[in-house]
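Below is one structure, written out as C-alpha cells; the observations come after it.
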Amino acid sequence: MTAPSKNYLAEIPMGAPDAILGIAENFKKCTDPHKVNVCVGAYRDENGKPWILPSVREAEKMLMDDPSENKEYASISGDAVFVEQAIKFAYGQQVDLDKIAAVQTLSGTGACRIGGEFLGKFYPVKKIYIPDPTWGNHISIFENCGLEVVRYRYYSRATNGLDLKGMVEDIKAAPDGSIVLLHACAHNPTGCDPSHEQWKVISDLIKEKNLQVFFDSAYQGFASGDAEADGFALRYFVSEGHNVMLAQSFAKNFGLYGERCGTLSFVTQSADEKERVLSQVKRIIRPMYSSPPVHGSSIVRKVLTNDKLTKQYYEECAFMANRIASMRNLLVEELKKAGSTHDWSHITSQIGMFAYTGMNSDMCDKLTLEYSIFLTRDGRISLAGLNEKNVAYVAKAIHSVTDGKSITTTE
Amino acid sequence: MSKAFVTQLSRKFKTPPSSCYKYARSISHWRQYEMGPPDPIVGLNEAFALDTSPNKVNVGVGAYRGDDGLPFVLPCVREAEQVNIQNIELDHEYLGIVGDTTFVRLAVEFAYGKDSHILTEGRVAGVQTISGTGGLRVFGEFLKKGGHNEIYVPNPTWGNHIPIMKNAGLEVKKYRYYNPAISSLEFDNMINDLKIIPPGSVVLLHACAHNPTGMDPTKEQWQEISKVMKDGKLIPFFDCAYQGFASGNAPEDAFAIRMFVEDGHQLATVQSFSKNFGLYGQRVGALSIVTADEDEAKKVLSQMKMAIRPMYSNPPKHGAQLVKTILSDERLSMDFINQCADMAKRINEMRIKLRTALEEGGDRNWEHITKQIGMFAYSGLTKEEVTALRDDHSIYCTLDGRISMAGVTSRNVDYIADAIKEVTKK
C-alpha cells in the first residue's frame with residue numbers, strides 16, 4: 001500500500017470552523033464597545049465577568065495546602081472518590097454503586113465520545129436518535145464513533161414549544177433497540193424540557209421499543225437551581241428499569257469549564273457486569289488519552305466530601321440559576337418596553353442557560369453585523385451573557401430585527 | 001456525605017424518600033460483554049496496590065519517585081501554583097480548541113529552540129493536547145483523515161503506541177530497532193528497514209530516552225537516520241516524553257529533533273510534560289507539525305481542531321497554566337532546569353548502584369543498565385523471570401523486563417539486585 005505523495009500537507013483543505021467556538025473567536029476580535037456575547041454557554045455575573053464559585057475557590061486552596069495531594073496519574077477510570085460522589089450527585093445518594101459502571105471523563109464531550117465509541121464497538125444497533133435541534137457537537141461526536149445519527153422531532157418552531165407528537169412518532173418509527181439520546185434537563189439549545197407527565201410518556205414508549213437510553217446531563221443544579229429536582233428525568237428512568245447510560249458534565253454547574261471534568265456511567269445488572277463493562281470502557285480510554293486530568297475532579301471531590309462546602313455549593317449554584325431566571329424575565333419586560341408585540345412567553349417558560357428565541361438566521365446575522373450581538377445562527381441566546389447593563393440594548397436590537405416579521409414558522 | 005446531612009438536604013429541596021425508587025430492571029444490553037484484558041502497564045499499579053508484602057517495590061509505571069520512594073512535586077511547580085492562585089486574571093473558563101496559545105508557543109520553543117527559524121517563519125501548527133497520549137491520538141486521526149493508512153514504529157516501542165494508532169484507524173508496522181541479544185541497537189537492520197518504507201510514510205521516532213529500551217541512537221547515527229529518511233521522503237514523527245529528563249540537559253535532549261529541523265524535514269512532534277515537569281495527572285502536552293508556510297500551517301491547524309472538537313472539545317487548563325507560568329519566567333525556568341536535572345541525576349546514580357549490586361558476586365554482564373538513558377532500564381529479563389520477581393519478591397515491572405529506574409531507591413536497590421540475581425540463577 002503506497003502512502004500519499006511527499007508533501008501530504010499541501011493537499012489538506014481548510015477545515016470548517018466550529019460554529020459555536022468560531023463565533024466566540026469573532027466576539028473576541030470585535031472592537032465595538034457595545035458588543036454583547038450571548039453565544040458560548042458559560043455563566044457570567046452581573047458585570048459580564050466569569051465567576052469562580054467561592055466553594056470552588058476554597059476547595060482549590062485546601063487542595064494546594066494539603067501535602068497529601070500530588071500530581072500523580074489518576075487511574076484510567078479516574079479519581080474513584082470523585083466518580084462515586086459524581087454518581088451520587090446524579091442518581092441520588094441512595095444509588096446502588098455496585099451496579100453502576102462509571103469512569104471520569106473529559107467533561108461532557110469526552111463522556112459522549114467514550115460512550116459513543118463503546119456503543120459503536122459493542123452495541124448491535126448502530127443508530128443513535130438525537131433530538132432536533134440538539135447541541136451541534138453531538139452529531140460530529142457520534143459520527144466519529146461510527147454511529148448513524150438520526151434526528152427525532154423535538155422542538156416546534158411553530159409553537160416555540162415541545163413537539164411531543166412528532167417526537168413520539170419519530171421514536172415509534174425507530175428500529176427496536178436503537179440508541180436514543182435524551183437531554184436530562186435544560187435542553188440545549190431550546191431550553192424546552194418535557195414535563196414530568198411527558199417524561200412518563202417518553203419512558204413508556206422507549207421501554208416498548210427496547211431502546212438504549214443515553215442521557216446527556218450538562219446542567220444539573222443549573223437548570224432550576226435545585227440539583228435534586230433537575231435529576232428527575234434520569235432518576236425516573238432508572239426507577240422505571242431502564243439501563244441508562246449517562247454523560248455528566250461539571251463544566252457549568254461547578255463553573256469548571258476549562259478543567260474538563262465529567263463522568264460516563266452505565267446502569268448494569270450486576271457487579272460482575274459492571275466490572276466487564278468497566279474493563280471495556282478502559283480499553284477505549286487508554287488509547288485516547290490514557291487517564292483523565294485531575295485538577296477539576298479534585299475540586300469536585302473536595303467540595304462534595306465536605307458538608308460545609310457542599311451546602312455552600314448548592315447555594316451558589318442556585319444563585320447562578322436565579323440570576324439567569326431573572327434575566328429571562330427582564331429580557332421579556334424590555335422587549336415589551338421596546339414596543340415588541342410578539343409572544344415572547346417561551347423565553348420565560350424555557351429553562352437553563354439558553355433561550356431559543358425563534359429568530360431566524362437572517363435576523364441573527366443582522367444582530368451580529370449591525371449590533372455586535374454575538375449569538376448562534378439558530379436564534380439561541382445564552383442568558384448568562386445578559387445583565388442589567390446590556391439587557392435593554394439587546395432587547396431593542398432584537399425588537400428592531402424582528403419587528404413586523406414572524407418568530408415562528410408555519411408547519 | 002453524612003446521612004443526617006442528606007436528610008437535611010432532601011427536606012430543603014423536597015426530595016421524595018428513597019424508598020419510592022424501585023429497581024425493576026429491564027433486560028440489560030450489556031450482559032454478553034466479556035472482560036477486557038487488563039492494561040499491561042497500568043494494570044500493574046492495581047496489582048501492586050493489592051500486594052500486602054512490606055518489601056513490595058513498584059518499578060512498573062514510569063513516574064518519578066524521590067529517594068524516599070514517594071511521588072515528587074517539583075518545587076517550581078508548587079511555586080507556580082501559589083503564583084497562579086493569587087492571579088485574579090486566571091479562571092477556569094474554556095480554552096479554545098487549540099488550548100492555551102501562549103503555552104503552545106512556549107512548548108514548541110522548548111522543543112525546537114526559541115530562535116528556530118521554523119518558529120519565526122510561522123510554519124509550525126501547534127495545539128495543546130492531553131499529554132503525550134492525547135497528542136499521539138490527535139495526530140493519528142489527523143493522518144487518517146489526510147489519507148494515511150499506516151504508521152511505522154520502532155520494535156520495541158511504548159506499548160500504548162499500537163492501540164492508539166490502531167484506534168485512529170492506522171495499521172501499525174514495525175522497523176527493527178533494538179536487539180536484546182546484544183542489548184543494543186541493531187542499527188544496520190534499522191537503516192535497511194527504513195530504506196524500504198514507501199515514500200510519504202510517517203515514521204515514529206523516540207526523540208530521546210527510548211521507551212522501553214533506554215537505548216538512543218548516537219549523534220552520528222541520528223545523522224544517518226535523517227539522511228535516509230530525507231532520501232526516502234519519509235515523514236519523521238517524534239514522540240518526546242523525556243526532554244530534560246533524559247540527560248538532565250533539555251536542549252541536548254532535543255538534539256535529534258532540532259537536527260532534523262535543520263535538515264529540512266517537515267516533521268511532527270508530540271510532547272509530554274508529564275515526566276519532566278512531574279505533571280502526570282494534569283495531562284499536559286503539545287502536538288506540533290512543521291509545514292511549508294504560514295498558510296499551510298493555518299489549514300493544518302484547522303484539521304487538527306477537527307480531530308479535537310468531537311473528542312474532548314478543548315484541553316484541560318490547570319497543568320498548562322503551570323507550565324506557562326514557569327517557562328515564561330526566567331528564574332522559574334532556571335529552577336525547572338535544575339530540578340529536572342536533579343531528577344535525571346538521581347536516576348543515573350541508581351543505574352550505577354543497581355549495576356554494581358547486580359555484578360557483585362554474579363557472572364552476568366549488566367553493562368546495558370548504565371549504557372541506557374532515561375526513566376527505564378531494559379533489563380533483558382524473560383517473562384518467566386519477571387513473573388518470578390513479582391510472585392516471589394513482590395517486585396513489579398512490566399513483562400518485557402522494563403524497570404522504571406525512578407522506582408529504585410538507595411533503600412531498595414540491594415533488595416532488587418538480590419531478587420534479580422535470584423530469579424536469573426541458572
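Each chain in the C-alpha cells gets a letter, A, B and so on, in the order shown; residues start at 1 in every chain, and ligands are counted from 1 in the order they appear.
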Practice problem: Find the residues near Leu181 in chain A: any atom within 8 Å, counting only C-alpha atoms, skip ones fewer than 6 places away on the same chain, and give them as a count of residues only. | Solution: 8
Practice problem: Go through range 159-204 of chain A and collect every residue that DSSP, computed from the backbone, puts in strand (DSSP E); the answer should be as an MDAnalysis selection string. | Solution: chainID A and resid 161:162 179:183
Output all heavy atoms for every residue in the selection just made, as a PDB file, in the first residue's frame.
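The resulting file, result.pdb, is reproduced below:
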ATOM      1  N   GLY A 161     -42.428  25.470  21.329  1.00  0.00           N
ATOM      2  CA  GLY A 161     -42.604  24.568  22.466  1.00  0.00           C
ATOM      3  C   GLY A 161     -42.264  23.143  22.058  1.00  0.00           C
ATOM      4  O   GLY A 161     -41.884  22.878  20.914  1.00  0.00           O
ATOM      5  N   LEU A 162     -42.409  22.208  22.987  1.00  0.00           N
ATOM      6  CA  LEU A 162     -42.091  20.799  22.721  1.00  0.00           C
ATOM      7  C   LEU A 162     -43.064  20.213  21.702  1.00  0.00           C
ATOM      8  O   LEU A 162     -44.271  20.397  21.817  1.00  0.00           O
ATOM      9  CB  LEU A 162     -42.155  20.001  24.023  1.00  0.00           C
ATOM     10  CG  LEU A 162     -41.719  18.533  23.932  1.00  0.00           C
ATOM     11  CD1 LEU A 162     -40.209  18.435  23.791  1.00  0.00           C
ATOM     12  CD2 LEU A 162     -42.185  17.731  25.144  1.00  0.00           C
ATOM     13  N   ILE A 179     -30.424   3.371  19.720  1.00  0.00           N
ATOM     14  CA  ILE A 179     -29.957   4.183  20.843  1.00  0.00           C
ATOM     15  C   ILE A 179     -30.717   5.501  20.780  1.00  0.00           C
ATOM     16  O   ILE A 179     -30.955   6.030  19.692  1.00  0.00           O
ATOM     17  CB  ILE A 179     -28.448   4.481  20.702  1.00  0.00           C
ATOM     18  CG1 ILE A 179     -27.665   3.170  20.480  1.00  0.00           C
ATOM     19  CG2 ILE A 179     -27.933   5.234  21.920  1.00  0.00           C
ATOM     20  CD1 ILE A 179     -26.358   3.369  19.750  1.00  0.00           C
ATOM     21  N   VAL A 180     -31.093   6.028  21.938  1.00  0.00           N
ATOM     22  CA  VAL A 180     -31.769   7.323  21.933  1.00  0.00           C
ATOM     23  C   VAL A 180     -31.110   8.258  22.937  1.00  0.00           C
ATOM     24  O   VAL A 180     -30.919   7.898  24.110  1.00  0.00           O
ATOM     25  CB  VAL A 180     -33.283   7.172  22.204  1.00  0.00           C
ATOM     26  CG1 VAL A 180     -33.564   6.581  23.591  1.00  0.00           C
ATOM     27  CG2 VAL A 180     -34.012   8.492  22.051  1.00  0.00           C
ATOM     28  N   LEU A 181     -30.736   9.431  22.446  1.00  0.00           N
ATOM     29  CA  LEU A 181     -30.097  10.425  23.302  1.00  0.00           C
ATOM     30  C   LEU A 181     -31.158  11.362  23.855  1.00  0.00           C
ATOM     31  O   LEU A 181     -31.984  11.887  23.109  1.00  0.00           O
ATOM     32  CB  LEU A 181     -29.076  11.232  22.507  1.00  0.00           C
ATOM     33  CG  LEU A 181     -28.299  12.272  23.344  1.00  0.00           C
ATOM     34  CD1 LEU A 181     -27.007  11.670  23.887  1.00  0.00           C
ATOM     35  CD2 LEU A 181     -27.986  13.510  22.534  1.00  0.00           C
ATOM     36  N   LEU A 182     -31.130  11.571  25.169  1.00  0.00           N
ATOM     37  CA  LEU A 182     -32.069  12.491  25.812  1.00  0.00           C
ATOM     38  C   LEU A 182     -31.273  13.518  26.613  1.00  0.00           C
ATOM     39  O   LEU A 182     -30.296  13.174  27.262  1.00  0.00           O
ATOM     40  CB  LEU A 182     -32.989  11.709  26.777  1.00  0.00           C
ATOM     41  CG  LEU A 182     -33.820  10.582  26.170  1.00  0.00           C
ATOM     42  CD1 LEU A 182     -34.417   9.710  27.289  1.00  0.00           C
ATOM     43  CD2 LEU A 182     -34.948  11.138  25.300  1.00  0.00           C
ATOM     44  N   HIS A 183     -31.704  14.766  26.572  1.00  0.00           N
ATOM     45  CA  HIS A 183     -31.084  15.776  27.422  1.00  0.00           C
ATOM     46  C   HIS A 183     -31.747  15.684  28.781  1.00  0.00           C
ATOM     47  O   HIS A 183     -32.970  15.831  28.891  1.00  0.00           O
ATOM     48  CB  HIS A 183     -31.295  17.173  26.836  1.00  0.00           C
ATOM     49  CG  HIS A 183     -30.566  17.410  25.551  1.00  0.00           C
ATOM     50  ND1 HIS A 183     -29.878  18.579  25.304  1.00  0.00           N
ATOM     51  CD2 HIS A 183     -30.421  16.650  24.441  1.00  0.00           C
ATOM     52  CE1 HIS A 183     -29.349  18.516  24.073  1.00  0.00           C
ATOM     53  NE2 HIS A 183     -29.667  17.360  23.531  1.00  0.00           N
TER      54      HIS A 183
END
Where does chain A meet chain B within 7 Å, residue by residue, with the nearest atom pair and distance in Å to one decimal for each, counting only C-alpha atoms, listed by chain and rising number, as a Markdown table?
| residue | atom | partner | partner_atom | distance |
| --- | --- | --- | --- | --- |
| A:Thr2 | CA | B:Pro198 | CA | 6.0 |
| A:Ala3 | CA | B:Gly200 | CA | 5.3 |
| A:Pro4 | CA | B:Gly200 | CA | 5.6 |
| A:Ser5 | CA | B:Gly200 | CA | 5.5 |
| A:Lys6 | CA | B:Gly200 | CA | 4.7 |
| A:Ala10 | CA | B:Glu296 | CA | 6.9 |
| A:Ile12 | CA | B:Lys299 | CA | 6.7 |
| A:Pro13 | CA | B:Lys299 | CA | 6.2 |
| A:Met14 | CA | B:Lys299 | CA | 4.5 |
| A:Gly15 | CA | B:Ser302 | CA | 5.0 |
| A:Ile52 | CA | B:Asp91 | CA | 6.9 |
| A:Asn70 | CA | B:Val73 | CA | 6.6 |
| A:Lys71 | CA | B:Gly281 | CA | 5.4 |
| A:Glu72 | CA | B:Gly281 | CA | 5.1 |
| A:Tyr73 | CA | B:Gly281 | CA | 3.9 |
| A:Ala74 | CA | B:Gly281 | CA | 5.7 |
| A:Gln94 | CA | B:Ser18 | CA | 6.6 |
| A:Leu106 | CA | B:Tyr312 | CA | 5.9 |
| A:Thr109 | CA | B:Tyr312 | CA | 5.0 |
| A:Gly110 | CA | B:Tyr312 | CA | 4.7 |
| A:Arg113 | CA | B:Met311 | CA | 5.9 |
| A:Asn137 | CA | B:Pro310 | CA | 6.5 |
| A:Ser140 | CA | B:Pro310 | CA | 5.8 |
| A:Ile141 | CA | B:Pro310 | CA | 4.4 |
| A:Asp226 | CA | B:Phe13 | CA | 6.7 |
| A:Glu228 | CA | B:Thr15 | CA | 6.6 |
| A:Ser239 | CA | B:Tyr21 | CA | 5.1 |
| A:Glu240 | CA | B:Ala24 | CA | 6.4 |
| A:Gly241 | CA | B:Arg25 | CA | 4.1 |
| A:His242 | CA | B:Ser26 | CA | 6.0 |
| A:Asn243 | CA | B:Ser28 | CA | 6.2 |
| A:Gly255 | CA | B:His92 | CA | 7.0 |
| A:Leu256 | CA | B:His92 | CA | 5.4 |
| A:Tyr257 | CA | B:Tyr94 | CA | 5.2 |
| A:Gly258 | CA | B:Tyr94 | CA | 3.9 |
| A:Glu259 | CA | B:Pro316 | CA | 4.5 |
| A:Arg260 | CA | B:Pro316 | CA | 5.5 |
| A:Thr268 | CA | B:Ser28 | CA | 6.6 |
| A:Gln269 | CA | B:Ser28 | CA | 6.3 |
| A:Glu273 | CA | B:Arg31 | CA | 6.3 |
| A:Arg276 | CA | B:Met35 | CA | 4.4 |
| A:Val277 | CA | B:Tyr33 | CA | 6.9 |
| A:Ser279 | CA | B:Gly36 | CA | 5.1 |
| A:Gln280 | CA | B:Gly36 | CA | 5.3 |
| A:Pro287 | CA | B:Ile164 | CA | 4.2 |
| A:Met288 | CA | B:Arg137 | CA | 5.8 |
| A:Tyr289 | CA | B:Gly134 | CA | 4.4 |
| A:Ser290 | CA | B:Thr133 | CA | 6.2 |
| A:Pro292 | CA | B:Gly281 | CA | 7.0 |
| A:Pro293 | CA | B:Gln282 | CA | 4.7 |
| A:Val294 | CA | B:Gly281 | CA | 5.6 |
| A:His295 | CA | B:Gln282 | CA | 6.6 |
| A:Thr305 | CA | B:Met1 | CA | 5.9 |
| A:Asp307 | CA | B:Met1 | CA | 6.5 |
Write the residues you've just listed into a file as a compact mmCIF listing (two decimals), in the first residue's frame, and include N, CA and C atoms for each of them.
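The new file selection31.txt reads:
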# COMPACT_ATOMS: atom_id res chain seq x y z
N THR A 2 0.72 2.08 -1.00
CA THR A 2 1.60 3.26 -1.02
C THR A 2 0.97 4.40 -0.22
N ALA A 3 1.83 5.16 0.40
CA ALA A 3 1.37 6.29 1.22
C ALA A 3 1.16 7.50 0.29
N PRO A 4 0.48 8.52 0.76
CA PRO A 4 0.25 9.71 -0.05
C PRO A 4 1.56 10.36 -0.51
N SER A 5 1.47 11.25 -1.47
CA SER A 5 2.66 11.88 -2.06
C SER A 5 3.45 12.66 -1.01
N LYS A 6 4.64 13.06 -1.35
CA LYS A 6 5.60 13.60 -0.40
C LYS A 6 5.00 14.68 0.50
N ALA A 10 0.24 19.57 1.75
CA ALA A 10 -0.20 20.52 0.73
C ALA A 10 -1.62 20.24 0.27
N ILE A 12 -4.05 19.36 2.11
CA ILE A 12 -5.05 19.48 3.16
C ILE A 12 -5.91 20.74 3.01
N PRO A 13 -7.23 20.54 2.96
CA PRO A 13 -8.11 21.71 2.85
C PRO A 13 -8.32 22.37 4.19
N MET A 14 -8.82 23.58 4.19
CA MET A 14 -9.15 24.26 5.43
C MET A 14 -10.37 23.58 6.04
N GLY A 15 -10.30 23.23 7.28
CA GLY A 15 -11.40 22.58 7.95
C GLY A 15 -12.47 23.59 8.31
N ILE A 52 -15.94 32.54 39.50
CA ILE A 52 -15.46 31.32 40.12
C ILE A 52 -16.23 31.14 41.41
N ASN A 70 -1.01 15.33 45.36
CA ASN A 70 0.13 15.43 44.45
C ASN A 70 -0.37 15.44 43.02
N LYS A 71 0.56 15.33 42.09
CA LYS A 71 0.19 15.45 40.67
C LYS A 71 0.24 14.10 39.96
N GLU A 72 0.18 13.02 40.72
CA GLU A 72 0.31 11.69 40.12
C GLU A 72 -0.80 11.38 39.13
N TYR A 73 -0.53 10.39 38.29
CA TYR A 73 -1.55 9.93 37.36
C TYR A 73 -2.78 9.43 38.12
N ALA A 74 -3.94 9.76 37.61
CA ALA A 74 -5.14 9.07 38.08
C ALA A 74 -5.13 7.71 37.38
N GLN A 94 -28.79 7.43 47.38
CA GLN A 94 -29.09 6.02 47.69
C GLN A 94 -28.78 5.07 46.54
N LEU A 106 -13.40 13.52 30.12
CA LEU A 106 -13.06 14.90 29.77
C LEU A 106 -14.37 15.66 29.56
N THR A 109 -18.24 16.34 26.63
CA THR A 109 -17.81 15.90 25.31
C THR A 109 -17.10 14.55 25.38
N GLY A 110 -16.18 14.46 26.30
CA GLY A 110 -15.43 13.22 26.47
C GLY A 110 -16.32 12.05 26.82
N ARG A 113 -18.17 10.99 23.76
CA ARG A 113 -17.28 10.29 22.82
C ARG A 113 -16.97 8.88 23.29
N ASN A 137 -22.33 19.79 18.55
CA ASN A 137 -21.20 18.86 18.60
C ASN A 137 -21.65 17.39 18.73
N SER A 140 -21.27 15.49 15.34
CA SER A 140 -19.88 15.19 15.00
C SER A 140 -19.30 14.10 15.88
N ILE A 141 -19.60 14.19 17.17
CA ILE A 141 -19.07 13.18 18.11
C ILE A 141 -19.53 11.79 17.70
N ASP A 226 -32.17 23.76 41.58
CA ASP A 226 -32.37 22.67 42.54
C ASP A 226 -31.81 21.39 41.90
N GLU A 228 -31.49 18.41 42.95
CA GLU A 228 -32.28 17.19 43.10
C GLU A 228 -33.43 17.18 42.11
N SER A 239 -35.62 4.37 37.88
CA SER A 239 -36.60 3.68 38.72
C SER A 239 -37.58 2.88 37.88
N GLU A 240 -37.75 3.27 36.62
CA GLU A 240 -38.63 2.53 35.73
C GLU A 240 -37.94 1.34 35.09
N GLY A 241 -36.69 1.13 35.43
CA GLY A 241 -36.00 -0.07 34.98
C GLY A 241 -35.14 0.09 33.74
N HIS A 242 -35.01 1.30 33.21
CA HIS A 242 -34.14 1.47 32.04
C HIS A 242 -32.69 1.33 32.48
N ASN A 243 -31.90 0.61 31.68
CA ASN A 243 -30.46 0.52 31.95
C ASN A 243 -29.78 1.65 31.19
N GLY A 255 -18.83 25.52 37.35
CA GLY A 255 -18.01 26.57 36.74
C GLY A 255 -16.61 26.09 36.40
N LEU A 256 -16.47 24.81 36.12
CA LEU A 256 -15.14 24.24 35.91
C LEU A 256 -14.78 24.05 34.44
N TYR A 257 -15.55 24.68 33.58
CA TYR A 257 -15.39 24.64 32.14
C TYR A 257 -14.07 24.08 31.60
N GLY A 258 -13.04 24.87 31.70
CA GLY A 258 -11.77 24.52 31.06
C GLY A 258 -10.99 23.43 31.77
N GLU A 259 -11.45 22.98 32.91
CA GLU A 259 -10.72 21.91 33.60
C GLU A 259 -11.20 20.54 33.14
N ARG A 260 -12.28 20.53 32.33
CA ARG A 260 -12.73 19.29 31.68
C ARG A 260 -13.06 18.18 32.68
N THR A 268 -25.93 -1.13 35.18
CA THR A 268 -25.81 -2.53 34.77
C THR A 268 -26.63 -3.42 35.71
N GLN A 269 -26.61 -4.72 35.39
CA GLN A 269 -27.46 -5.67 36.12
C GLN A 269 -26.80 -6.23 37.36
N GLU A 273 -21.22 -7.68 35.79
CA GLU A 273 -21.42 -6.97 34.53
C GLU A 273 -20.75 -5.61 34.60
N ARG A 276 -17.10 -6.01 33.89
CA ARG A 276 -16.82 -6.30 32.48
C ARG A 276 -16.97 -5.04 31.63
N VAL A 277 -18.03 -4.29 31.89
CA VAL A 277 -18.25 -3.06 31.13
C VAL A 277 -17.10 -2.08 31.39
N SER A 279 -14.05 -2.71 32.23
CA SER A 279 -12.81 -3.14 31.60
C SER A 279 -12.79 -2.75 30.13
N GLN A 280 -13.94 -2.82 29.48
CA GLN A 280 -14.00 -2.48 28.06
C GLN A 280 -13.94 -0.96 27.85
N PRO A 287 -6.15 4.24 24.83
CA PRO A 287 -5.54 4.71 23.59
C PRO A 287 -6.04 6.07 23.10
N MET A 288 -6.80 6.75 23.94
CA MET A 288 -7.27 8.08 23.54
C MET A 288 -6.53 9.15 24.33
N TYR A 289 -6.39 8.95 25.63
CA TYR A 289 -5.66 9.94 26.42
C TYR A 289 -5.09 9.36 27.72
N SER A 290 -5.11 8.05 27.85
CA SER A 290 -4.55 7.30 28.98
C SER A 290 -5.30 7.45 30.30
N PRO A 292 -7.54 10.65 32.91
CA PRO A 292 -8.11 11.99 32.82
C PRO A 292 -7.34 13.03 33.64
N PRO A 293 -7.56 14.32 33.36
CA PRO A 293 -6.89 15.39 34.12
C PRO A 293 -7.52 15.51 35.50
N VAL A 294 -6.69 15.66 36.51
CA VAL A 294 -7.19 15.53 37.89
C VAL A 294 -7.59 16.82 38.59
N HIS A 295 -7.23 17.97 38.06
CA HIS A 295 -7.46 19.18 38.84
C HIS A 295 -8.95 19.43 39.09
N THR A 305 -17.23 16.07 49.33
CA THR A 305 -16.95 15.24 50.51
C THR A 305 -16.85 16.10 51.77
N ASP A 307 -19.15 18.64 54.08
CA ASP A 307 -20.53 19.09 54.30
C ASP A 307 -20.69 20.59 54.13
Quiz item: Quick one: residues within 10 Å of Ala392 in chain A, only C-alpha atoms counted, chain neighbours fewer than 4 positions away excluded, as a PyMOL selection string?
Solution: chain A and resi 330-335+337-338+386-388+396-398
Include C-alpha atoms and write out the residues we just selected as an mmCIF file, in the first residue's frame.
data_model
loop_
_atom_site.group_PDB
_atom_site.id
_atom_site.type_symbol
_atom_site.label_atom_id
_atom_site.label_comp_id
_atom_site.auth_asym_id
_atom_site.auth_seq_id
_atom_site.Cartn_x
_atom_site.Cartn_y
_atom_site.Cartn_z
ATOM 1 C CA LEU A 330 -36.038 41.166 32.409
ATOM 2 C CA LEU A 331 -35.469 40.458 28.716
ATOM 3 C CA VAL A 332 -39.162 39.892 28.080
ATOM 4 C CA GLU A 333 -40.001 43.056 30.037
ATOM 5 C CA GLU A 334 -37.525 45.062 27.992
ATOM 6 C CA LEU A 335 -38.815 43.609 24.742
ATOM 7 C CA LYS A 337 -40.885 48.192 26.659
ATOM 8 C CA ALA A 338 -39.117 48.427 23.304
ATOM 9 C CA LEU A 386 -27.188 39.292 29.755
ATOM 10 C CA ASN A 387 -27.091 41.677 32.698
ATOM 11 C CA GLU A 388 -28.866 44.818 33.827
ATOM 12 C CA LYS A 396 -34.094 46.949 21.470
ATOM 13 C CA ALA A 397 -31.853 45.224 18.938
ATOM 14 C CA ILE A 398 -33.958 42.064 18.923
#
Practice problem: For Met259 in chain B, list every protein, DNA or RNA residue within 12 Å, evaluated using only C-alpha atoms, and leave out those in the same chain fewer than 3 positions away; present the list as a PyMOL selection string. | Solution: chain B and resi 111-113+116+207+219-227+236+251-256+262-265+267
Quiz item: Out of range 5-204 of chain A, which residues get alpha helix (DSSP H) from DSSP, as a PyMOL selection string?
Solution: chain A and resi 19-29+54-65+80-91+107-122+136-144+164-173+196-204
Could you produce a table of the residues of range 216-246 of chain A lying within 7 Å of range 312-326 of chain A, with the nearest pair of atoms per residue and their separation in Å rounded to one decimal, using only C-alpha atoms, ordered by chain and increasing residue number, as a Markdown table?
| residue | atom | partner | partner_atom | distance |
| --- | --- | --- | --- | --- |
| A:Gly221 | CA | A:Cys317 | CA | 6.3 |
| A:Phe222 | CA | A:Ala321 | CA | 5.2 |
| A:Ala223 | CA | A:Ala321 | CA | 6.3 |
| A:Ser224 | CA | A:Ala321 | CA | 6.3 |
| A:Gly225 | CA | A:Ala318 | CA | 4.0 |
| A:Asp226 | CA | A:Ala318 | CA | 6.5 |
Quiz prompt | Given only C-alpha atoms as the counted atoms, nearest of B:Trp366, B:Tyr415, B:Phe142, B:Phe376 to Asn348 in chain B | solution = B:Phe376
Exercise. Would you mind listing what lies within 12 Å of Ser328 in chain B as a list in words, with only C-alpha atoms counted and same-chain residues fewer than 5 positions away left out?
Key: Ala80, Thr102, Phe103, Val104, Arg105, Leu106, Ala107, Glu109, Phe110, Lys114, Ala320, Gln321, Leu322, Val323, Ser333, Met334 and Phe336 of chain B
Keeping only C-alpha atoms, write the selected residues as a PDB file, in the first residue's frame.
ATOM      1  CA  ALA B  80       3.839  28.347  40.127  1.00  0.00           C
ATOM      2  CA  THR B 102       0.961  31.031  24.994  1.00  0.00           C
ATOM      3  CA  PHE B 103       1.562  27.623  26.480  1.00  0.00           C
ATOM      4  CA  VAL B 104       1.749  26.149  22.987  1.00  0.00           C
ATOM      5  CA  ARG B 105       4.287  28.770  21.926  1.00  0.00           C
ATOM      6  CA  LEU B 106       6.418  28.096  24.998  1.00  0.00           C
ATOM      7  CA  ALA B 107       6.115  24.359  24.464  1.00  0.00           C
ATOM      8  CA  GLU B 109      10.089  26.838  21.795  1.00  0.00           C
ATOM      9  CA  PHE B 110      11.135  24.332  24.460  1.00  0.00           C
ATOM     10  CA  LYS B 114      13.352  29.748  20.811  1.00  0.00           C
ATOM     11  CA  ALA B 320      -0.800  24.041  31.049  1.00  0.00           C
ATOM     12  CA  GLN B 321      -1.112  27.204  33.155  1.00  0.00           C
ATOM     13  CA  LEU B 322       1.568  25.894  35.487  1.00  0.00           C
ATOM     14  CA  VAL B 323       3.989  25.208  32.636  1.00  0.00           C
ATOM     15  CA  SER B 333      12.667  28.351  34.135  1.00  0.00           C
ATOM     16  CA  MET B 334      16.149  28.115  35.625  1.00  0.00           C
ATOM     17  CA  PHE B 336      12.890  23.983  36.489  1.00  0.00           C
TER      18      PHE B 336
END
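Note that CA of Gly191 in chain A and CA of Glu143 in chain A are 24.4 Å apart.
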Quiz prompt | Polymer residues at most 7 Å from Phe27 in chain A, only C-alpha atoms, same-chain spacing of 3 or more positions, as a PyMOL selection string | solution = chain A and resi 23-24+30+37+374
Self-check item: Exercise: range 350-357 of chain B partners within 12 Å, only C-alpha atoms, chain neighbours under 2 positions left out, as a ChimeraX atom specification
Solution: /B:65-67,214,343-348,359-379,403-421
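Counting only C-alpha atoms, the residue from A:Gln104, A:Ser298, A:Ser291, A:Gln93 that sits nearest to Glu60 in chain A is A:Ser298.
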Quiz item: Which one is closest to Gln212 in chain A: A:Tyr152, A:Tyr123, A:Trp344, A:Phe89? Count only C-alpha atoms.
Solution: A:Tyr123
